[in-house]
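Undergrad: Sharing a structure here in structure tokens format.
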Amino acid sequence: MSTITIDADIKVKLAGGHRAYSPASPEELMLIAVDLLVRELGSDAARGFIEQVIERHAPATQDDPATASAT
């Protein structure tokens, strides 16, 4: 497993003020992204978006006709 480090300064302008983030790992970056997504879209829409992303990267199974190859 590889180690990923992130060097980023994220500045966000919100109606209620500004926020600054400095994620150091992919996990921290994801938490920031999800937080901003929920603020922008609401929890239900954000959940739907995240589910689409997870489905896109899920391993294909033979039981899933959408991802199984035709023989």
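In the structure tokens, each chain is lettered A, B, ... as it comes, each chain's residues begin at 1, and ligands are numbered from 1 in order of appearance.
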I'd like the contact shell of A:Leu36 - 9 Å cut-off, only C-alpha atoms, skipping same-chain residues fewer than 5 positions apart - returned as a PyMOL selection string.
TA: chain A and resi 12+31+41
Undergrad: Selected residues, C-alpha atoms, written as a compact mmCIF listing (two decimals), in the first residue's frame, please.
TA:
# COMPACT_ATOMS: atom_id res chain seq x y z
CA VAL A 12 -13.45 28.63 1.34
CA LEU A 31 -13.82 14.93 5.20
CA LEU A 41 -26.36 20.36 -1.58
Undergrad: Write down as a ChimeraX atom specification the residues of chain A whose backbone DSSP state falls under helix (DSSP H, G or I).
TA: /A:26-41,43-57
Undergrad: Out of chain A, which residues get strand (DSSP E) from DSSP, as a PDB file with C-alpha atoms, in the first residue's frame?
TA:
ATOM      1  CA  ILE A  10      -7.873  25.381   0.879  1.00  0.00           C
ATOM      2  CA  LYS A  11      -9.652  28.674   1.404  1.00  0.00           C
ATOM      3  CA  VAL A  12     -13.448  28.626   1.338  1.00  0.00           C
ATOM      4  CA  LYS A  13     -15.693  31.683   1.179  1.00  0.00           C
ATOM      5  CA  LEU A  14     -19.065  31.038   2.824  1.00  0.00           C
ATOM      6  CA  GLY A  17     -17.439  33.992   6.649  1.00  0.00           C
ATOM      7  CA  HIS A  18     -14.274  32.297   5.510  1.00  0.00           C
ATOM      8  CA  ARG A  19     -12.703  28.974   6.395  1.00  0.00           C
ATOM      9  CA  ALA A  20      -9.223  27.655   5.788  1.00  0.00           C
ATOM     10  CA  TYR A  21      -8.196  24.018   5.664  1.00  0.00           C
TER      11      TYR A  21
END
Undergrad: Take atom CA of A:Leu29 and atom CA of A:His57 and report the distance between them in Å, one decimal.
TA: 18.0 Å
Undergrad: One number please: atom CA of A:Ile32 to atom CA of A:Asp9, in Å, one decimal.
TA: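 These two atoms are separated by 11.7 Å.
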Undergrad: Quick one: distance from atom CA of A:Glu51 to atom CA of A:Gly16 in Å, one decimal?
TA: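 Taking atom CA of A:Glu51 and atom CA of A:Gly16, their separation equals 28.7 Å.
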Undergrad: Pick from A:Ile6, A:Gly42, A:Gly48, A:Ala60: nearest to A:Met30, with only C-alpha atoms counted?
TA: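 Once distances to A:Met30 are computed over only C-alpha atoms, the minimum belongs to A:Ile6.
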